[in-house]
file entry.pdb (PDB, C-alpha atoms, pLDDT in the B column)
MODEL        1
ATOM      1  CA  LYS T   1      39.919 145.379 246.658  1.00 65.00           C
ATOM      2  CA  THR T   2      43.149 143.897 247.993  1.00 81.00           C
ATOM      3  CA  PHE T   3      43.266 143.710 251.774  1.00 91.00           C
ATOM      4  CA  ILE T   4      46.744 144.335 253.216  1.00 94.00           C
ATOM      5  CA  PHE T   5      47.756 144.166 256.833  1.00 92.00           C
ATOM      6  CA  GLU T   6      51.068 144.162 258.668  1.00 95.00           C
ATOM      7  CA  LYS T   7      52.028 142.026 261.640  1.00 92.00           C
ATOM      8  CA  ASN T   8      55.437 141.750 263.296  1.00 92.00           C
ATOM      9  CA  GLY T   9      57.087 143.543 260.384  1.00 93.00           C
ATOM     10  CA  ILE T  10      55.528 141.251 257.757  1.00 96.00           C
ATOM     11  CA  LYS T  11      53.195 142.823 255.208  1.00 96.00           C
ATOM     12  CA  ILE T  12      50.571 140.357 253.964  1.00 97.00           C
ATOM     13  CA  ALA T  13      48.100 140.792 251.089  1.00 97.00           C
ATOM     14  CA  PHE T  14      44.806 138.880 250.879  1.00 97.00           C
ATOM     15  CA  LEU T  15      43.125 138.398 247.500  1.00 97.00           C
ATOM     16  CA  SER T  16      39.881 136.474 247.037  1.00 96.00           C
ATOM     17  CA  TYR T  17      37.851 135.263 244.058  1.00 96.00           C
ATOM     18  CA  LEU T  18      34.851 133.029 243.413  1.00 93.00           C
ATOM     19  CA  TYR T  19      33.353 131.119 240.528  1.00 90.00           C
ATOM     20  CA  GLY T  20      29.920 132.736 241.041  1.00 82.00           C
ATOM     21  CA  ALA T  21      27.052 133.296 243.440  1.00 80.00           C
ATOM     22  CA  ASN T  22      23.952 131.216 244.157  1.00 77.00           C
ATOM     23  CA  ALA T  23      21.271 131.522 241.489  1.00 75.00           C
ATOM     24  CA  ASN T  24      18.814 133.163 243.897  1.00 75.00           C
ATOM     25  CA  VAL T  25      21.283 135.898 244.857  1.00 75.00           C
ATOM     26  CA  LYS T  26      21.180 138.994 242.687  1.00 76.00           C
ATOM     27  CA  THR T  27      24.685 140.294 242.011  1.00 76.00           C
ATOM     28  CA  GLU T  28      26.413 142.766 239.730  1.00 76.00           C
ATOM     29  CA  LYS T  29      29.873 142.275 238.247  1.00 73.00           C
ATOM     30  CA  TRP T  30      31.296 145.103 240.342  1.00 73.00           C
ATOM     31  CA  MET T  31      30.202 143.297 243.523  1.00 79.00           C
ATOM     32  CA  ILE T  32      32.206 140.115 242.961  1.00 84.00           C
ATOM     33  CA  ASN T  33      35.768 139.178 242.112  1.00 91.00           C
ATOM     34  CA  TYR T  34      35.124 136.374 239.660  1.00 91.00           C
ATOM     35  CA  ILE T  35      37.845 133.798 239.057  1.00 95.00           C
ATOM     36  CA  ASP T  36      39.834 135.072 236.105  1.00 95.00           C
ATOM     37  CA  PHE T  37      43.486 134.089 235.907  1.00 97.00           C
ATOM     38  CA  ASN T  38      44.583 137.282 234.139  1.00 97.00           C
ATOM     39  CA  LYS T  39      42.913 139.412 236.820  1.00 96.00           C
ATOM     40  CA  ILE T  40      44.368 137.292 239.620  1.00 97.00           C
ATOM     41  CA  SER T  41      47.858 137.530 238.112  1.00 97.00           C
ATOM     42  CA  ASN T  42      47.537 141.302 237.677  1.00 97.00           C
ATOM     43  CA  ASP T  43      46.284 141.694 241.253  1.00 97.00           C
ATOM     44  CA  ILE T  44      49.250 139.725 242.557  1.00 97.00           C
ATOM     45  CA  GLN T  45      51.639 141.986 240.668  1.00 96.00           C
ATOM     46  CA  LYS T  46      49.855 145.094 241.991  1.00 95.00           C
ATOM     47  CA  ALA T  47      50.210 143.749 245.501  1.00 95.00           C
ATOM     48  CA  LYS T  48      53.926 143.199 244.915  1.00 94.00           C
ATOM     49  CA  GLN T  49      54.181 146.843 243.838  1.00 94.00           C
ATOM     50  CA  GLU T  50      52.800 147.738 247.268  1.00 92.00           C
ATOM     51  CA  LYS T  51      55.906 145.983 248.606  1.00 93.00           C
ATOM     52  CA  VAL T  52      53.986 143.242 250.376  1.00 96.00           C
ATOM     53  CA  ASP T  53      56.043 140.349 251.708  1.00 97.00           C
ATOM     54  CA  PHE T  54      53.493 137.570 251.330  1.00 97.00           C
ATOM     55  CA  VAL T  55      50.424 137.045 249.111  1.00 98.00           C
ATOM     56  CA  VAL T  56      47.468 134.861 250.100  1.00 98.00           C
ATOM     57  CA  VAL T  57      44.888 133.922 247.439  1.00 98.00           C
ATOM     58  CA  GLY T  58      41.477 132.614 248.505  1.00 97.00           C
ATOM     59  CA  LEU T  59      39.425 130.712 245.919  1.00 98.00           C
ATOM     60  CA  HIS T  60      35.760 129.695 246.050  1.00 96.00           C
ATOM     61  CA  TRP T  61      35.897 126.925 243.451  1.00 97.00           C
ATOM     62  CA  GLY T  62      35.600 123.225 242.692  1.00 96.00           C
ATOM     63  CA  ASN T  63      32.726 120.762 242.383  1.00 96.00           C
ATOM     64  CA  GLU T  64      30.414 120.213 245.329  1.00 96.00           C
ATOM     65  CA  TYR T  65      30.876 116.950 247.278  1.00 97.00           C
ATOM     66  CA  GLU T  66      33.860 115.806 245.227  1.00 97.00           C
ATOM     67  CA  ARG T  67      36.636 114.773 247.620  1.00 96.00           C
ATOM     68  CA  TYR T  68      39.439 115.387 245.142  1.00 95.00           C
ATOM     69  CA  PRO T  69      40.231 118.563 243.192  1.00 96.00           C
ATOM     70  CA  SER T  70      39.328 118.688 239.538  1.00 96.00           C
ATOM     71  CA  GLU T  71      42.016 118.977 236.887  1.00 97.00           C
ATOM     72  CA  SER T  72      40.986 122.598 236.283  1.00 97.00           C
ATOM     73  CA  GLN T  73      41.543 123.390 239.986  1.00 97.00           C
ATOM     74  CA  LYS T  74      45.028 121.874 239.883  1.00 97.00           C
ATOM     75  CA  VAL T  75      45.952 123.687 236.673  1.00 97.00           C
ATOM     76  CA  LEU T  76      44.716 127.033 238.011  1.00 98.00           C
ATOM     77  CA  ALA T  77      46.510 126.533 241.333  1.00 98.00           C
ATOM     78  CA  ARG T  78      49.819 125.970 239.549  1.00 97.00           C
ATOM     79  CA  LYS T  79      49.341 129.015 237.369  1.00 97.00           C
ATOM     80  CA  ILE T  80      48.524 131.194 240.381  1.00 98.00           C
ATOM     81  CA  ALA T  81      51.510 129.822 242.304  1.00 97.00           C
ATOM     82  CA  SER T  82      53.769 130.578 239.346  1.00 96.00           C
ATOM     83  CA  SER T  83      52.376 134.116 239.214  1.00 96.00           C
ATOM     84  CA  GLY T  84      53.691 134.869 242.691  1.00 95.00           C
ATOM     85  CA  ALA T  85      51.100 133.670 245.217  1.00 97.00           C
ATOM     86  CA  ASP T  86      52.607 132.325 248.432  1.00 97.00           C
ATOM     87  CA  LEU T  87      49.544 130.583 249.869  1.00 97.00           C
ATOM     88  CA  ILE T  88      46.354 129.300 248.167  1.00 98.00           C
ATOM     89  CA  LEU T  89      43.255 128.550 250.248  1.00 97.00           C
ATOM     90  CA  GLY T  90      40.206 126.889 248.699  1.00 97.00           C
ATOM     91  CA  SER T  91      36.579 126.454 249.694  1.00 96.00           C
ATOM     92  CA  HIS T  92      33.124 125.588 248.296  1.00 95.00           C
ATOM     93  CA  PRO T  93      32.930 121.782 247.725  1.00 96.00           C
ATOM     94  CA  HIS T  94      31.485 121.193 251.270  1.00 96.00           C
ATOM     95  CA  VAL T  95      33.921 118.313 251.753  1.00 97.00           C
ATOM     96  CA  ILE T  96      37.625 118.334 252.517  1.00 96.00           C
ATOM     97  CA  GLN T  97      39.926 118.093 249.515  1.00 95.00           C
ATOM     98  CA  PRO T  98      43.646 117.301 249.909  1.00 92.00           C
ATOM     99  CA  ALA T  99      46.401 119.815 250.459  1.00 91.00           C
ATOM    100  CA  GLU T 100      49.774 119.865 248.743  1.00 91.00           C
ATOM    101  CA  MET T 101      52.931 121.892 248.371  1.00 91.00           C
ATOM    102  CA  ILE T 102      53.242 123.122 244.784  1.00 94.00           C
ATOM    103  CA  GLU T 103      56.851 123.587 243.715  1.00 93.00           C
ATOM    104  CA  VAL T 104      57.568 126.680 241.663  1.00 92.00           C
ATOM    105  CA  THR T 105      60.917 127.267 239.960  1.00 88.00           C
ATOM    106  CA  ASN T 106      61.914 130.794 238.964  1.00 79.00           C
ATOM    107  CA  ASN T 107      65.466 131.441 237.737  1.00 77.00           C
ATOM    108  CA  ALA T 108      66.818 128.394 239.572  1.00 74.00           C
ATOM    109  CA  ASN T 109      65.027 129.443 242.775  1.00 83.00           C
ATOM    110  CA  VAL T 110      62.633 126.800 244.057  1.00 86.00           C
ATOM    111  CA  ARG T 111      59.840 127.692 246.431  1.00 89.00           C
ATOM    112  CA  LYS T 112      56.896 125.711 247.747  1.00 90.00           C
ATOM    113  CA  VAL T 113      53.373 127.123 247.724  1.00 95.00           C
ATOM    114  CA  PHE T 114      50.969 125.561 250.207  1.00 93.00           C
ATOM    115  CA  THR T 115      47.623 124.844 248.531  1.00 95.00           C
ATOM    116  CA  ILE T 116      44.546 123.403 250.157  1.00 94.00           C
ATOM    117  CA  TYR T 117      41.816 122.752 247.637  1.00 96.00           C
ATOM    118  CA  SER T 118      38.934 122.732 250.137  1.00 96.00           C
ATOM    119  CA  PHE T 119      38.635 123.212 253.900  1.00 96.00           C
ATOM    120  CA  GLY T 120      35.365 121.267 253.994  1.00 96.00           C
ATOM    121  CA  ASN T 121      32.506 122.534 256.156  1.00 95.00           C
ATOM    122  CA  PHE T 122      33.246 124.570 259.251  1.00 90.00           C
ATOM    123  CA  LEU T 123      29.744 125.532 260.421  1.00 88.00           C
ATOM    124  CA  SER T 124      27.120 123.668 258.458  1.00 88.00           C
ATOM    125  CA  SER T 125      23.756 121.909 258.687  1.00 86.00           C
ATOM    126  CA  GLN T 126      24.970 119.096 256.443  1.00 89.00           C
ATOM    127  CA  ARG T 127      25.120 115.831 258.369  1.00 89.00           C
ATOM    128  CA  LYS T 128      26.169 113.187 255.858  1.00 94.00           C
ATOM    129  CA  ARG T 129      29.574 111.556 256.015  1.00 95.00           C
ATOM    130  CA  TYR T 130      32.393 113.841 254.775  1.00 97.00           C
ATOM    131  CA  THR T 131      30.148 116.956 255.036  1.00 97.00           C
ATOM    132  CA  ASP T 132      29.930 117.197 258.843  1.00 96.00           C
ATOM    133  CA  CYS T 133      33.578 118.118 259.323  1.00 96.00           C
ATOM    134  CA  GLY T 134      36.269 120.569 258.292  1.00 96.00           C
ATOM    135  CA  LEU T 135      39.607 122.099 259.186  1.00 94.00           C
ATOM    136  CA  ILE T 136      41.116 124.961 261.116  1.00 93.00           C
ATOM    137  CA  ALA T 137      44.533 125.689 259.653  1.00 91.00           C
ATOM    138  CA  ARG T 138      47.536 127.325 261.257  1.00 90.00           C
ATOM    139  CA  PHE T 139      50.307 128.926 259.231  1.00 92.00           C
ATOM    140  CA  ARG T 140      53.608 130.255 260.486  1.00 93.00           C
ATOM    141  CA  ILE T 141      55.169 132.879 258.235  1.00 95.00           C
ATOM    142  CA  GLU T 142      58.778 133.916 258.747  1.00 95.00           C
ATOM    143  CA  LYS T 143      60.838 136.778 257.380  1.00 95.00           C
ATOM    144  CA  LYS T 144      64.602 136.488 257.285  1.00 92.00           C
ATOM    145  CA  ASP T 145      67.089 138.602 255.359  1.00 89.00           C
ATOM    146  CA  ASN T 146      64.227 140.223 253.389  1.00 86.00           C
ATOM    147  CA  ASN T 147      63.005 136.774 252.354  1.00 91.00           C
ATOM    148  CA  THR T 148      59.487 135.897 253.547  1.00 95.00           C
ATOM    149  CA  TYR T 149      58.231 132.335 253.400  1.00 92.00           C
ATOM    150  CA  LEU T 150      55.781 129.885 254.931  1.00 93.00           C
ATOM    151  CA  LYS T 151      57.776 128.141 257.627  1.00 91.00           C
ATOM    152  CA  ASN T 152      55.153 125.483 258.366  1.00 87.00           C
ATOM    153  CA  ALA T 153      51.481 124.621 258.024  1.00 87.00           C
ATOM    154  CA  SER T 154      49.310 122.390 260.187  1.00 86.00           C
ATOM    155  CA  TYR T 155      45.642 121.830 260.850  1.00 89.00           C
ATOM    156  CA  ILE T 156      43.049 120.989 263.498  1.00 91.00           C
ATOM    157  CA  PRO T 157      40.312 118.547 262.398  1.00 94.00           C
ATOM    158  CA  VAL T 158      36.885 119.749 263.596  1.00 96.00           C
ATOM    159  CA  TRP T 159      33.459 118.134 263.722  1.00 97.00           C
ATOM    160  CA  VAL T 160      30.078 119.901 263.813  1.00 96.00           C
ATOM    161  CA  LYS T 161      27.644 118.831 266.525  1.00 95.00           C
ATOM    162  CA  TRP T 162      23.931 119.608 266.241  1.00 90.00           C
ATOM    163  CA  LYS T 163      21.437 119.198 269.065  1.00 86.00           C
ATOM    164  CA  LEU T 164      17.790 120.222 269.139  1.00 84.00           C
ATOM    165  CA  ASN T 165      16.851 122.286 272.190  1.00 86.00           C
ATOM    166  CA  SER T 166      13.464 120.893 273.208  1.00 85.00           C
ATOM    167  CA  LYS T 167      12.628 124.048 275.175  1.00 88.00           C
ATOM    168  CA  ASN T 168      12.590 126.421 272.200  1.00 91.00           C
ATOM    169  CA  ASN T 169      12.774 123.960 269.284  1.00 89.00           C
ATOM    170  CA  LYS T 170      16.018 125.545 268.068  1.00 88.00           C
ATOM    171  CA  TYR T 171      19.304 123.848 267.306  1.00 88.00           C
ATOM    172  CA  ILE T 172      22.425 124.301 269.390  1.00 89.00           C
ATOM    173  CA  ILE T 173      25.429 124.086 267.080  1.00 91.00           C
ATOM    174  CA  ARG T 174      28.999 123.555 268.211  1.00 94.00           C
ATOM    175  CA  VAL T 175      32.239 123.169 266.277  1.00 96.00           C
ATOM    176  CA  LEU T 176      34.391 120.690 268.202  1.00 97.00           C
ATOM    177  CA  PRO T 177      38.164 120.247 267.832  1.00 95.00           C
ATOM    178  CA  VAL T 178      38.240 116.477 267.443  1.00 95.00           C
ATOM    179  CA  LEU T 179      41.407 115.577 269.343  1.00 92.00           C
ATOM    180  CA  GLU T 180      40.466 117.754 272.308  1.00 94.00           C
ATOM    181  CA  PHE T 181      37.000 116.205 272.627  1.00 96.00           C
ATOM    182  CA  HIS T 182      38.309 112.704 271.977  1.00 96.00           C
ATOM    183  CA  LYS T 183      40.463 113.095 275.080  1.00 95.00           C
ATOM    184  CA  LYS T 184      37.634 114.644 277.109  1.00 96.00           C
ATOM    185  CA  TYR T 185      35.197 111.912 276.119  1.00 97.00           C
ATOM    186  CA  LEU T 186      37.558 109.099 277.119  1.00 96.00           C
ATOM    187  CA  ALA T 187      38.291 110.847 280.420  1.00 96.00           C
ATOM    188  CA  LYS T 188      34.551 111.375 280.996  1.00 96.00           C
ATOM    189  CA  GLU T 189      35.174 115.122 281.238  1.00 96.00           C
ATOM    190  CA  THR T 190      32.394 116.130 278.835  1.00 95.00           C
ATOM    191  CA  LYS T 191      28.687 115.412 278.501  1.00 92.00           C
ATOM    192  CA  LEU T 192      28.446 117.026 275.084  1.00 93.00           C
ATOM    193  CA  LEU T 193      28.866 113.763 273.170  1.00 96.00           C
ATOM    194  CA  SER T 194      26.722 110.665 273.143  1.00 95.00           C
ATOM    195  CA  LYS T 195      28.346 107.378 272.139  1.00 96.00           C
ATOM    196  CA  GLU T 196      26.776 107.686 268.681  1.00 96.00           C
ATOM    197  CA  GLU T 197      28.071 111.245 268.280  1.00 96.00           C
ATOM    198  CA  TYR T 198      31.521 110.275 269.496  1.00 97.00           C
ATOM    199  CA  ASP T 199      31.680 107.459 266.940  1.00 97.00           C
ATOM    200  CA  LYS T 200      30.641 109.821 264.130  1.00 96.00           C
ATOM    201  CA  MET T 201      33.211 112.376 265.248  1.00 97.00           C
ATOM    202  CA  MET T 202      35.995 109.794 265.261  1.00 96.00           C
ATOM    203  CA  LEU T 203      34.925 108.483 261.862  1.00 96.00           C
ATOM    204  CA  SER T 204      35.291 112.029 260.520  1.00 96.00           C
ATOM    205  CA  PHE T 205      38.740 112.190 262.140  1.00 94.00           C
ATOM    206  CA  ARG T 206      39.879 109.002 260.421  1.00 93.00           C
ATOM    207  CA  ASP T 207      38.439 110.187 257.110  1.00 94.00           C
ATOM    208  CA  THR T 208      40.208 113.548 257.459  1.00 93.00           C
ATOM    209  CA  THR T 209      43.643 112.317 258.526  1.00 90.00           C
ATOM    210  CA  GLN T 210      43.720 109.587 255.879  1.00 89.00           C
ATOM    211  CA  HIS T 211      42.590 112.024 253.208  1.00 91.00           C
ATOM    212  CA  LEU T 212      45.231 114.595 254.177  1.00 86.00           C
ATOM    213  CA  ASN T 213      48.049 112.106 254.611  1.00 74.00           C
ATOM    214  CA  ASN T 214      50.986 114.380 253.854  1.00 71.00           C
ATOM    215  CA  LYS T 215      54.166 114.531 255.931  1.00 67.00           C
ATOM    216  CA  GLU T 216      54.676 118.192 255.025  1.00 66.00           C
ATOM    217  CA  ILE T 217      51.250 119.166 256.371  1.00 68.00           C
ATOM    218  CA  PRO T 218      50.646 117.410 259.710  1.00 66.00           C
ATOM    219  CA  PHE T 219      47.629 117.755 261.966  1.00 60.00           C
ATOM    220  CA  MET T 220      48.353 119.495 265.232  1.00 56.00           C
ATOM    221  CA  ASN T 221      49.212 117.316 268.157  1.00 46.00           C
ATOM    222  CA  GLU T 222      47.443 117.527 271.473  1.00 40.00           C
ATOM    223  CA  GLY T 223      49.804 120.117 272.881  1.00 39.00           C
ATOM    224  CA  GLU T 224      49.121 122.522 270.023  1.00 41.00           C
ATOM    225  CA  LEU T 225      45.335 122.624 270.424  1.00 33.00           C
TER     226      LEU T 225
ENDMDL
END

call {"tool": "encode", "arguments": {"input": "entry.pdb", "output": "structure tokens"}}
result
Amino acid sequence: KTFIFEKNGIKIAFLSYLYGANANVKTEKWMINYIDFNKISNDIQKAKQEKVDFVVVGLHWGNEYERYPSESQKVLARKIASSGADLILGSHPHVIQPAEMIEVTNNANVRKVFTIYSFGNFLSSQRKRYTDCGLIARFRIEKKDNNTYLKNASYIPVWVKWKLNSKNNKYIIRVLPVLEFHKKYLAKETKLLSKEEYDKMMLSFRDTTQHLNNKEIPFMNEGEL
């Protein structure tokens, strides 16, 4: 079912689809919105009929641990953008995949559709390089003269810290905004990070910022955290 909510006079629709469920999870077709371009396109048009201003499409797709989107992901993203989606958000590969602005031309009108192919891991037990980090994204949507568009997009790189609590033998898990804890560590304002953990966190930061090197989609500066 399409989820629609309104904020500050802007009506936003959220649609979501996935390639499938884990093999050990019993599901029925009616329980899942499988990725099917015709269905996605029809759902976008139905949302437009509800007079929504902005359509967000979430996709659980892609190949696990591949740091770049597959050709099928890129083809599907362009088709969905051309069908009227305004924002495409991807997940599943467990590593960050690049973001881009897809240009769509309709009757001489050109619009850009922000697409991130994978946010990576937000809260995860995976500790290998590229799998211990992810993104928090921020989007600013503006409506002017009955035209609604994504004004800007930016992101916060995050790193997942795991520590075993010796008292109860359970893990304490924290998701750390990298730039914030980089500053705290250098200022000796936090005891959460060992030198080894700090180095791993900063390696993930370099991996993330280099991988998402796109002037249209900057990471948030210190003042925005």

call {"tool": "residues_around", "arguments": {"input": "entry.pdb", "residues": "Ile35 of chain T", "least_positions_apart": "6", "cutoff": "9 Å", "atoms": "all atoms listed in the file", "output": "PyMOL selection string"}}
result
chain T and resi 16-20+59-61

call {"tool": "atom_distance", "arguments": {"input": "entry.pdb", "atom1": "atom CA of Ala153 of chain T", "atom2": "atom CA of Lys46 of chain T"}}
result
26.1 Å

call {"tool": "resolve_selection", "arguments": {"input": "entry.pdb", "expression": "the PyMOL selection byres ((chain T and resi 112) around 10)", "output": "PyMOL selection string"}}
result
chain T and resi 81+86-87+100-105+110-111+113-115+149-150

call {"tool": "residues_around", "arguments": {"input": "entry.pdb", "residues": "Thr148 of chain T", "least_positions_apart": "5", "cutoff": "7 Å", "atoms": "only C-alpha atoms", "output": "PyMOL selection string"}}
result
chain T and resi 53-54+142-143

call {"tool": "atom_distance", "arguments": {"input": "entry.pdb", "atom1": "atom CA of Phe122 of chain T", "atom2": "atom CA of Tyr198 of chain T"}}
result
17.7 Å

call {"tool": "residues_around", "arguments": {"input": "entry.pdb", "residues": "Ile12 of chain T", "least_positions_apart": "3", "cutoff": "10 Å", "atoms": "all atoms listed in the file", "output": "list of chain:residue names"}}
result
T:Phe3, T:Ile4, T:Phe5, T:Glu6, T:Lys7, T:Gly9, T:Ala47, T:Lys51, T:Val52, T:Asp53, T:Phe54, T:Val55, T:Val56, T:Asp86, T:Ile141, T:Thr148

call {"tool": "write_last_selection", "arguments": {"input": "entry.pdb", "atoms": "C-alpha atoms", "output": "compact mmCIF listing (two decimals), keeping the file's coordinate frame"}}
result
# COMPACT_ATOMS: atom_id res chain seq x y z
CA PHE T 3 43.27 143.71 251.77
CA ILE T 4 46.74 144.34 253.22
CA PHE T 5 47.76 144.17 256.83
CA GLU T 6 51.07 144.16 258.67
CA LYS T 7 52.03 142.03 261.64
CA GLY T 9 57.09 143.54 260.38
CA ALA T 47 50.21 143.75 245.50
CA LYS T 51 55.91 145.98 248.61
CA VAL T 52 53.99 143.24 250.38
CA ASP T 53 56.04 140.35 251.71
CA PHE T 54 53.49 137.57 251.33
CA VAL T 55 50.42 137.04 249.11
CA VAL T 56 47.47 134.86 250.10
CA ASP T 86 52.61 132.32 248.43
CA ILE T 141 55.17 132.88 258.24
CA THR T 148 59.49 135.90 253.55

call {"tool": "residues_near_point", "arguments": {"input": "entry.pdb", "point": "(45.8, 112.5, 251.6)", "cutoff": "10 Å", "atoms": "only C-alpha atoms", "output": "tab-separated table (two decimals) with C-alpha atoms, in the frame of the given file"}}
result
chain	number	residue	atom	x	y	z
T	68	TYR	CA	39.44	115.39	245.14
T	97	GLN	CA	39.93	118.09	249.52
T	98	PRO	CA	43.65	117.30	249.91
T	99	ALA	CA	46.40	119.82	250.46
T	100	GLU	CA	49.77	119.86	248.74
T	207	ASP	CA	38.44	110.19	257.11
T	208	THR	CA	40.21	113.55	257.46
T	209	THR	CA	43.64	112.32	258.53
T	210	GLN	CA	43.72	109.59	255.88
T	211	HIS	CA	42.59	112.02	253.21
T	212	LEU	CA	45.23	114.60	254.18
T	213	ASN	CA	48.05	112.11	254.61
T	214	ASN	CA	50.99	114.38	253.85
T	215	LYS	CA	54.17	114.53	255.93
T	217	ILE	CA	51.25	119.17	256.37

call {"tool": "residues_around", "arguments": {"input": "entry.pdb", "residues": "His94 of chain T", "least_positions_apart": "4", "cutoff": "6 Å", "atoms": "all atoms listed in the file", "output": "mmCIF file with C-alpha atoms, keeping the file's coordinate frame"}}
result
data_model
loop_
_atom_site.group_PDB
_atom_site.id
_atom_site.type_symbol
_atom_site.label_atom_id
_atom_site.label_comp_id
_atom_site.auth_asym_id
_atom_site.auth_seq_id
_atom_site.Cartn_x
_atom_site.Cartn_y
_atom_site.Cartn_z
ATOM 1 C CA TYR T 65 30.876 116.950 247.278
ATOM 2 C CA GLY T 120 35.365 121.267 253.994
ATOM 3 C CA ASN T 121 32.506 122.534 256.156
ATOM 4 C CA THR T 131 30.148 116.956 255.036
#

call {"tool": "resolve_selection", "arguments": {"input": "entry.pdb", "expression": "the PyMOL selection byres ((chain T and resi 133) around 6)", "output": "list of chain:residue names"}}
result
T:Asn121, T:Thr131, T:Asp132, T:Gly134, T:Val158, T:Trp159, T:Val160

call {"tool": "write_last_selection", "arguments": {"input": "entry.pdb", "atoms": "C-alpha atoms", "output": "mmCIF file, in the frame of the given file"}}
result
data_model
loop_
_atom_site.group_PDB
_atom_site.id
_atom_site.type_symbol
_atom_site.label_atom_id
_atom_site.label_comp_id
_atom_site.auth_asym_id
_atom_site.auth_seq_id
_atom_site.Cartn_x
_atom_site.Cartn_y
_atom_site.Cartn_z
ATOM 1 C CA ASN T 121 32.506 122.534 256.156
ATOM 2 C CA THR T 131 30.148 116.956 255.036
ATOM 3 C CA ASP T 132 29.930 117.197 258.843
ATOM 4 C CA GLY T 134 36.269 120.569 258.292
ATOM 5 C CA VAL T 158 36.885 119.749 263.596
ATOM 6 C CA TRP T 159 33.459 118.134 263.722
ATOM 7 C CA VAL T 160 30.078 119.901 263.813
#
